[in-house]
file final01.txt (compact mmCIF, C-alpha atoms and all ligand atoms)
# COMPACT_ATOMS: atom_id res chain seq x y z
CA MET A 1018 0.00 0.00 0.00
CA LEU A 1019 1.28 3.44 -0.93
CA THR A 1020 0.11 5.11 2.27
CA SER A 1021 -0.63 4.17 5.89
CA GLN A 1022 -3.85 2.62 7.22
CA LYS A 1023 -4.20 5.71 9.42
CA VAL A 1024 -4.37 7.94 6.33
CA ILE A 1025 -6.77 5.53 4.57
CA ASP A 1026 -9.08 5.56 7.64
CA ALA A 1027 -9.05 9.37 7.71
CA ILE A 1028 -9.79 9.56 3.98
CA ASN A 1029 -12.66 7.07 4.37
CA GLU A 1030 -14.07 9.41 7.02
CA GLN A 1031 -13.62 12.34 4.62
CA ILE A 1032 -15.56 10.42 1.93
CA GLY A 1033 -18.49 10.43 4.37
CA TYR A 1034 -18.16 14.20 4.92
CA GLU A 1035 -18.14 14.84 1.17
CA PHE A 1036 -21.26 12.73 0.58
CA SER A 1037 -22.87 14.44 3.55
CA ALA A 1038 -22.09 17.85 2.01
CA SER A 1039 -23.55 16.61 -1.28
CA LEU A 1040 -26.81 15.53 0.40
CA GLN A 1041 -27.02 18.85 2.22
CA TYR A 1042 -26.70 20.75 -1.05
CA PHE A 1043 -29.33 18.56 -2.74
CA ALA A 1044 -31.67 19.37 0.17
CA ILE A 1045 -30.96 23.11 -0.15
CA GLY A 1046 -31.39 22.95 -3.95
CA ALA A 1047 -34.78 21.28 -3.45
CA HIS A 1048 -35.73 23.92 -0.86
CA PHE A 1049 -35.00 26.76 -3.29
CA ALA A 1050 -36.83 24.92 -6.09
CA SER A 1051 -39.91 24.77 -3.84
CA GLU A 1052 -39.55 28.50 -3.24
CA ALA A 1053 -39.56 29.08 -7.05
CA LEU A 1054 -35.98 30.44 -7.07
CA PRO A 1055 -34.52 28.57 -10.06
CA GLN A 1056 -31.02 30.05 -10.13
CA LEU A 1057 -30.40 29.46 -6.45
CA SER A 1058 -31.81 25.96 -6.83
CA ALA A 1059 -29.61 25.18 -9.87
CA HIS A 1060 -26.55 26.57 -8.07
CA PHE A 1061 -27.02 24.20 -5.14
CA PHE A 1062 -27.80 21.19 -7.32
CA GLN A 1063 -24.53 21.88 -9.12
CA GLN A 1064 -22.69 22.20 -5.80
CA ALA A 1065 -24.21 18.86 -4.76
CA GLU A 1066 -22.74 17.23 -7.88
CA GLU A 1067 -19.36 18.81 -7.17
CA GLU A 1068 -19.34 17.39 -3.63
CA LYS A 1069 -20.21 13.96 -5.02
CA GLY A 1070 -17.25 14.44 -7.38
CA HIS A 1071 -15.02 15.20 -4.37
CA ALA A 1072 -16.14 11.95 -2.69
CA LEU A 1073 -15.37 10.04 -5.89
CA ARG A 1074 -11.89 11.60 -6.11
CA PHE A 1075 -11.17 10.33 -2.59
CA ILE A 1076 -12.62 6.90 -3.43
CA LYS A 1077 -10.36 6.66 -6.49
CA TYR A 1078 -7.36 7.69 -4.41
CA VAL A 1079 -7.98 4.97 -1.81
CA VAL A 1080 -8.33 2.36 -4.57
CA ASP A 1081 -5.22 3.63 -6.45
CA ALA A 1082 -3.19 3.65 -3.22
CA GLY A 1083 -4.10 0.01 -2.55
CA GLY A 1084 -6.45 0.65 0.40
CA ARG A 1085 -10.02 -0.46 1.06
CA VAL A 1086 -12.91 1.94 0.67
CA VAL A 1087 -15.26 1.92 3.67
CA ILE A 1088 -18.05 4.48 3.36
CA PRO A 1089 -19.37 5.53 6.78
CA ALA A 1090 -23.02 6.11 7.74
CA ILE A 1091 -24.27 9.54 6.78
CA ASP A 1092 -26.73 11.63 8.80
CA ALA A 1093 -29.83 13.05 7.14
CA PRO A 1094 -29.31 16.60 5.86
CA LYS A 1095 -31.27 19.58 7.18
CA SER A 1096 -34.24 20.11 4.85
CA LYS A 1097 -36.26 22.97 6.36
CA PHE A 1098 -35.08 26.57 6.41
CA LYS A 1099 -36.87 29.65 7.69
CA THR A 1100 -34.89 31.98 5.41
CA ALA A 1101 -32.59 31.79 2.40
CA ARG A 1102 -29.89 33.30 4.58
CA GLU A 1103 -30.13 30.39 7.03
CA ALA A 1104 -29.55 27.85 4.22
CA ILE A 1105 -26.60 29.76 2.77
CA LYS A 1106 -25.00 30.46 6.15
CA LEU A 1107 -25.20 26.72 6.88
CA SER A 1108 -23.47 26.08 3.53
CA LEU A 1109 -20.70 28.57 4.29
CA ASP A 1110 -20.14 27.04 7.75
CA GLN A 1111 -20.03 23.60 6.10
CA GLU A 1112 -17.39 24.75 3.59
CA ILE A 1113 -15.26 26.28 6.37
CA HIS A 1114 -15.57 23.04 8.33
CA VAL A 1115 -14.57 20.93 5.29
CA THR A 1116 -11.54 23.20 4.79
CA GLN A 1117 -10.47 22.48 8.37
CA GLN A 1118 -10.92 18.77 7.72
CA ILE A 1119 -8.74 18.91 4.59
CA ASN A 1120 -6.11 20.87 6.54
CA GLY A 1121 -6.29 18.10 9.16
CA LEU A 1122 -5.67 15.46 6.48
CA VAL A 1123 -2.65 17.40 5.19
CA GLY A 1124 -1.34 17.63 8.77
CA LEU A 1125 -1.74 13.88 9.26
CA ALA A 1126 0.00 13.09 5.95
CA ARG A 1127 2.85 15.49 6.83
CA LYS A 1128 3.44 13.78 10.17
CA GLN A 1129 3.95 10.53 8.29
CA ASN A 1130 6.11 12.03 5.51
CA ASP A 1131 3.41 10.82 3.11
CA TYR A 1132 4.24 13.06 0.14
CA ILE A 1133 1.99 11.22 -2.31
CA THR A 1134 -1.06 12.02 -0.17
CA ILE A 1135 0.12 15.59 0.44
CA ASN A 1136 0.43 16.05 -3.32
CA PHE A 1137 -3.03 14.55 -3.90
CA LEU A 1138 -4.58 16.90 -1.32
CA GLN A 1139 -3.23 20.08 -2.99
CA TRP A 1140 -6.16 20.06 -5.44
CA PHE A 1141 -8.63 20.08 -2.53
CA LEU A 1142 -6.92 23.04 -0.84
CA THR A 1143 -7.29 25.13 -4.03
CA GLU A 1144 -10.89 23.94 -4.42
CA GLN A 1145 -11.77 24.91 -0.83
CA LEU A 1146 -10.39 28.43 -1.31
CA GLU A 1147 -12.72 28.85 -4.28
CA GLU A 1148 -15.73 27.27 -2.56
CA VAL A 1149 -15.45 29.24 0.67
CA SER A 1150 -14.94 32.45 -1.30
CA SER A 1151 -17.94 31.91 -3.62
CA MET A 1152 -20.26 30.83 -0.76
CA ASP A 1153 -19.19 33.88 1.26
CA ASN A 1154 -20.00 36.03 -1.75
CA LEU A 1155 -23.39 34.34 -2.21
CA LEU A 1156 -24.19 35.11 1.45
CA LYS A 1157 -23.40 38.79 0.82
CA ILE A 1158 -25.63 38.82 -2.28
CA ILE A 1159 -28.53 37.32 -0.31
CA GLU A 1160 -28.05 39.69 2.61
CA ARG A 1161 -28.02 42.67 0.26
CA ALA A 1162 -31.21 41.49 -1.46
CA GLY A 1163 -33.06 41.30 1.88
CA ASP A 1164 -36.63 40.08 1.26
CA ASP A 1165 -36.33 40.55 -2.50
CA LEU A 1166 -35.02 37.06 -3.27
CA LEU A 1167 -36.22 37.22 -6.85
CA GLN A 1168 -33.76 40.07 -7.38
CA ALA A 1169 -30.96 37.92 -5.94
CA ASP A 1170 -32.01 35.06 -8.22
CA GLU A 1171 -31.92 37.32 -11.28
CA TYR A 1172 -28.54 38.72 -10.22
CA LEU A 1173 -27.15 35.17 -10.07
CA ALA A 1174 -28.41 34.51 -13.61
CA ARG A 1175 -26.65 37.64 -14.91
CA VAL A 1176 -23.45 37.77 -12.84
CA GLY A 1177 -22.93 34.46 -10.98
CA VAL A 1178 -21.39 34.03 -7.55
CA ARG A 1179 -17.80 35.16 -8.19
CA ALA A 1180 -16.76 38.39 -6.47
CA MET A 1181 -14.21 39.27 -9.15
CA PRO A 1182 -13.12 37.98 -12.55
CA GLU A 1183 -10.03 35.83 -13.00
CA PRO A 1184 -6.84 37.92 -13.31
CA PRO A 1185 -5.33 37.97 -16.80
CA ALA A 1186 -3.12 35.01 -17.67
CA GLN A 1187 0.62 35.61 -17.17
CA ARG A 1188 2.74 35.79 -20.32
CA GLU A 1189 5.55 33.25 -20.50
FE1 LIG B 1 -15.93 19.05 -0.88
FE2 LIG B 1 -16.92 21.91 -0.75
O1 LIG B 1 -16.08 20.53 0.08
call {"tool": "encode", "arguments": {"input": "final01.txt", "output": "structure tokens"}}
result
Amino acid sequence: MLTSQKVIDAINEQIGYEFSASLQYFAIGAHFASEALPQLSAHFFQQAEEEKGHALRFIKYVVDAGGRVVIPAIDAPKSKFKTAREAIKLSLDQEIHVTQQINGLVGLARKQNDYITINFLQWFLTEQLEEVSSMDNLLKIIERAGDDLLQADEYLARVGVRAMPEPPAQRE
């Protein structure tokens, strides 16, 4: 096996967190669909697919590294929200929590001089920066819209959730 059982166990746990995040986003997407907010709904359904993709990346890594995939039990997601803000704040807190979990995995791999796992986890660190930033921005958009959620939904259709465009590519 290319890594330790300790790292495999921690990644198996992380697979559960990623599926849990995916279920939470499906639940939030369904909530916004019921509220007739199609852009917000589509955004969360897409996030749900991305989280599923994260779980699959970890599953592939465990298999490639010669470990055994053991998917843990996953709690039911929260499905009822009093306000849009509540659902998006929960999502932001979840992304911050997942970032801490990825940092924890990097810390564990470092302790064991497991450079293959450290290298694999780099992608997730970059991804978390983007996800925390865009969820934080979405929270600001919703807070600015106040009760006018339709306006927020239309804004998302026109502009999206990014706070700023990508910087220009560097010349070689
Ligand atoms: Fe897979 Fe957004 O954490």
call {"tool": "closest_residue", "arguments": {"input": "final01.txt", "among": "A:Phe1049, A:Phe1075, A:Tyr1034, A:Phe1141", "to": "A:Asp1170", "atoms": "all atoms listed in the file"}}
result
A:Phe1049
call {"tool": "residues_around", "arguments": {"input": "final01.txt", "residues": "A:Ile1091", "least_positions_apart": "3", "cutoff": "12 Å", "atoms": "only C-alpha atoms", "output": "JSON, numbers by chain"}}
result
{"A": [1030, 1031, 1032, 1033, 1034, 1035, 1036, 1037, 1038, 1039, 1040, 1041, 1088, 1094]}
call {"tool": "atom_distance", "arguments": {"input": "final01.txt", "atom1": "atom CA of A:Thr1020", "atom2": "atom CA of A:Asn1130"}}
result
9.7 Å
call {"tool": "closest_residue", "arguments": {"input": "final01.txt", "among": "A:Lys1128, A:Lys1069, A:Arg1102, A:Arg1188", "to": "A:Leu1166", "atoms": "all atoms listed in the file"}}
result
A:Arg1102
call {"tool": "residues_around", "arguments": {"input": "final01.txt", "residues": "A:His1048", "least_positions_apart": "4", "cutoff": "12 Å", "atoms": "all atoms listed in the file", "output": "ChimeraX atom specification"}}
result
/A:1041-1044,1052-1055,1057-1062,1094-1101,1103-1105
call {"tool": "closest_atom_pairs", "arguments": {"input": "final01.txt", "of": "chain A", "to": "ligand LIG 1 (chain B)", "cutoff": "7 Å", "atoms": "all atoms listed in the file", "output": "tab-separated table"}}
result
residue	atom	partner	partner_atom	distance
A:Glu1035	CA	B:LIG1	FE1	5.2
A:Ala1038	CA	B:LIG1	O1	6.9
A:Glu1068	CA	B:LIG1	FE1	4.7
A:His1071	CA	B:LIG1	FE1	5.3
A:Glu1112	CA	B:LIG1	FE2	5.2
A:Val1115	CA	B:LIG1	O1	5.4
A:Gln1145	CA	B:LIG1	FE2	6.0
A:Glu1148	CA	B:LIG1	FE2	5.8
call {"tool": "residues_around", "arguments": {"input": "final01.txt", "residues": "A:Asp1153", "least_positions_apart": "5", "cutoff": "10 Å", "atoms": "only C-alpha atoms", "output": "count of residues only"}}
result
13
call {"tool": "atom_distance", "arguments": {"input": "final01.txt", "atom1": "atom CA of A:Ala1169", "atom2": "atom CA of A:Glu1066"}}
result
22.3 Å
call {"tool": "residues_around", "arguments": {"input": "final01.txt", "residues": "A:Tyr1078", "least_positions_apart": "6", "cutoff": "10 Å", "atoms": "all atoms listed in the file", "output": "JSON, numbers by chain"}}
result
{"A": [1025, 1028, 1072, 1084, 1086, 1134, 1137]}
call {"tool": "closest_residue", "arguments": {"input": "final01.txt", "among": "A:Leu1073, A:Ser1151, A:Gln1064, A:Asp1026", "to": "A:Pro1182", "atoms": "all atoms listed in the file"}}
result
A:Ser1151
call {"tool": "atom_distance", "arguments": {"input": "final01.txt", "atom1": "atom CA of A:Leu1122", "atom2": "atom CA of A:Gln1139"}}
result
10.8 Å
call {"tool": "decode", "arguments": {"input": "final01.txt", "residues": "stretch 1171-1187 of chain A", "atoms": "N, CA and C atoms", "output": "PDB file, in the first residue's frame"}}
result
ATOM      1  N   GLU A1171     -32.212  36.734  -9.964  1.00  0.00           N
ATOM      2  CA  GLU A1171     -31.921  37.321 -11.284  1.00  0.00           C
ATOM      3  C   GLU A1171     -30.454  37.759 -11.369  1.00  0.00           C
ATOM      4  N   TYR A1172     -29.941  38.295 -10.273  1.00  0.00           N
ATOM      5  CA  TYR A1172     -28.544  38.716 -10.220  1.00  0.00           C
ATOM      6  C   TYR A1172     -27.630  37.512 -10.485  1.00  0.00           C
ATOM      7  N   LEU A1173     -27.970  36.379  -9.873  1.00  0.00           N
ATOM      8  CA  LEU A1173     -27.154  35.168 -10.070  1.00  0.00           C
ATOM      9  C   LEU A1173     -27.161  34.735 -11.537  1.00  0.00           C
ATOM     10  N   ALA A1174     -28.315  34.886 -12.195  1.00  0.00           N
ATOM     11  CA  ALA A1174     -28.413  34.511 -13.611  1.00  0.00           C
ATOM     12  C   ALA A1174     -27.505  35.405 -14.455  1.00  0.00           C
ATOM     13  N   ARG A1175     -27.425  36.682 -14.101  1.00  0.00           N
ATOM     14  CA  ARG A1175     -26.654  37.639 -14.909  1.00  0.00           C
ATOM     15  C   ARG A1175     -25.167  37.603 -14.587  1.00  0.00           C
ATOM     16  N   VAL A1176     -24.834  37.552 -13.283  1.00  0.00           N
ATOM     17  CA  VAL A1176     -23.446  37.775 -12.841  1.00  0.00           C
ATOM     18  C   VAL A1176     -22.775  36.507 -12.298  1.00  0.00           C
ATOM     19  N   GLY A1177     -23.535  35.636 -11.630  1.00  0.00           N
ATOM     20  CA  GLY A1177     -22.932  34.463 -10.984  1.00  0.00           C
ATOM     21  C   GLY A1177     -22.475  34.788  -9.576  1.00  0.00           C
ATOM     22  N   VAL A1178     -21.739  33.869  -8.967  1.00  0.00           N
ATOM     23  CA  VAL A1178     -21.386  34.031  -7.548  1.00  0.00           C
ATOM     24  C   VAL A1178     -19.960  34.546  -7.317  1.00  0.00           C
ATOM     25  N   ARG A1179     -19.187  34.715  -8.389  1.00  0.00           N
ATOM     26  CA  ARG A1179     -17.799  35.161  -8.194  1.00  0.00           C
ATOM     27  C   ARG A1179     -17.755  36.646  -7.828  1.00  0.00           C
ATOM     28  N   ALA A1180     -16.896  36.992  -6.876  1.00  0.00           N
ATOM     29  CA  ALA A1180     -16.764  38.394  -6.468  1.00  0.00           C
ATOM     30  C   ALA A1180     -15.955  39.191  -7.487  1.00  0.00           C
ATOM     31  N   MET A1181     -15.025  38.561  -8.149  1.00  0.00           N
ATOM     32  CA  MET A1181     -14.212  39.266  -9.152  1.00  0.00           C
ATOM     33  C   MET A1181     -13.798  38.304 -10.261  1.00  0.00           C
ATOM     34  N   PRO A1182     -13.527  38.857 -11.461  1.00  0.00           N
ATOM     35  CA  PRO A1182     -13.122  37.977 -12.555  1.00  0.00           C
ATOM     36  C   PRO A1182     -11.717  37.423 -12.328  1.00  0.00           C
ATOM     37  N   GLU A1183     -11.388  36.391 -13.063  1.00  0.00           N
ATOM     38  CA  GLU A1183     -10.033  35.833 -12.996  1.00  0.00           C
ATOM     39  C   GLU A1183      -9.027  36.890 -13.454  1.00  0.00           C
ATOM     40  N   PRO A1184      -7.880  36.998 -12.806  1.00  0.00           N
ATOM     41  CA  PRO A1184      -6.843  37.920 -13.309  1.00  0.00           C
ATOM     42  C   PRO A1184      -6.343  37.462 -14.669  1.00  0.00           C
ATOM     43  N   PRO A1185      -5.805  38.389 -15.479  1.00  0.00           N
ATOM     44  CA  PRO A1185      -5.331  37.971 -16.798  1.00  0.00           C
ATOM     45  C   PRO A1185      -4.207  36.939 -16.680  1.00  0.00           C
ATOM     46  N   ALA A1186      -4.151  36.061 -17.683  1.00  0.00           N
ATOM     47  CA  ALA A1186      -3.124  35.012 -17.673  1.00  0.00           C
ATOM     48  C   ALA A1186      -1.738  35.666 -17.793  1.00  0.00           C
ATOM     49  N   GLN A1187      -0.763  35.099 -17.106  1.00  0.00           N
ATOM     50  CA  GLN A1187       0.623  35.608 -17.168  1.00  0.00           C
ATOM     51  C   GLN A1187       1.247  35.209 -18.484  1.00  0.00           C
TER      52      GLN A1187
END
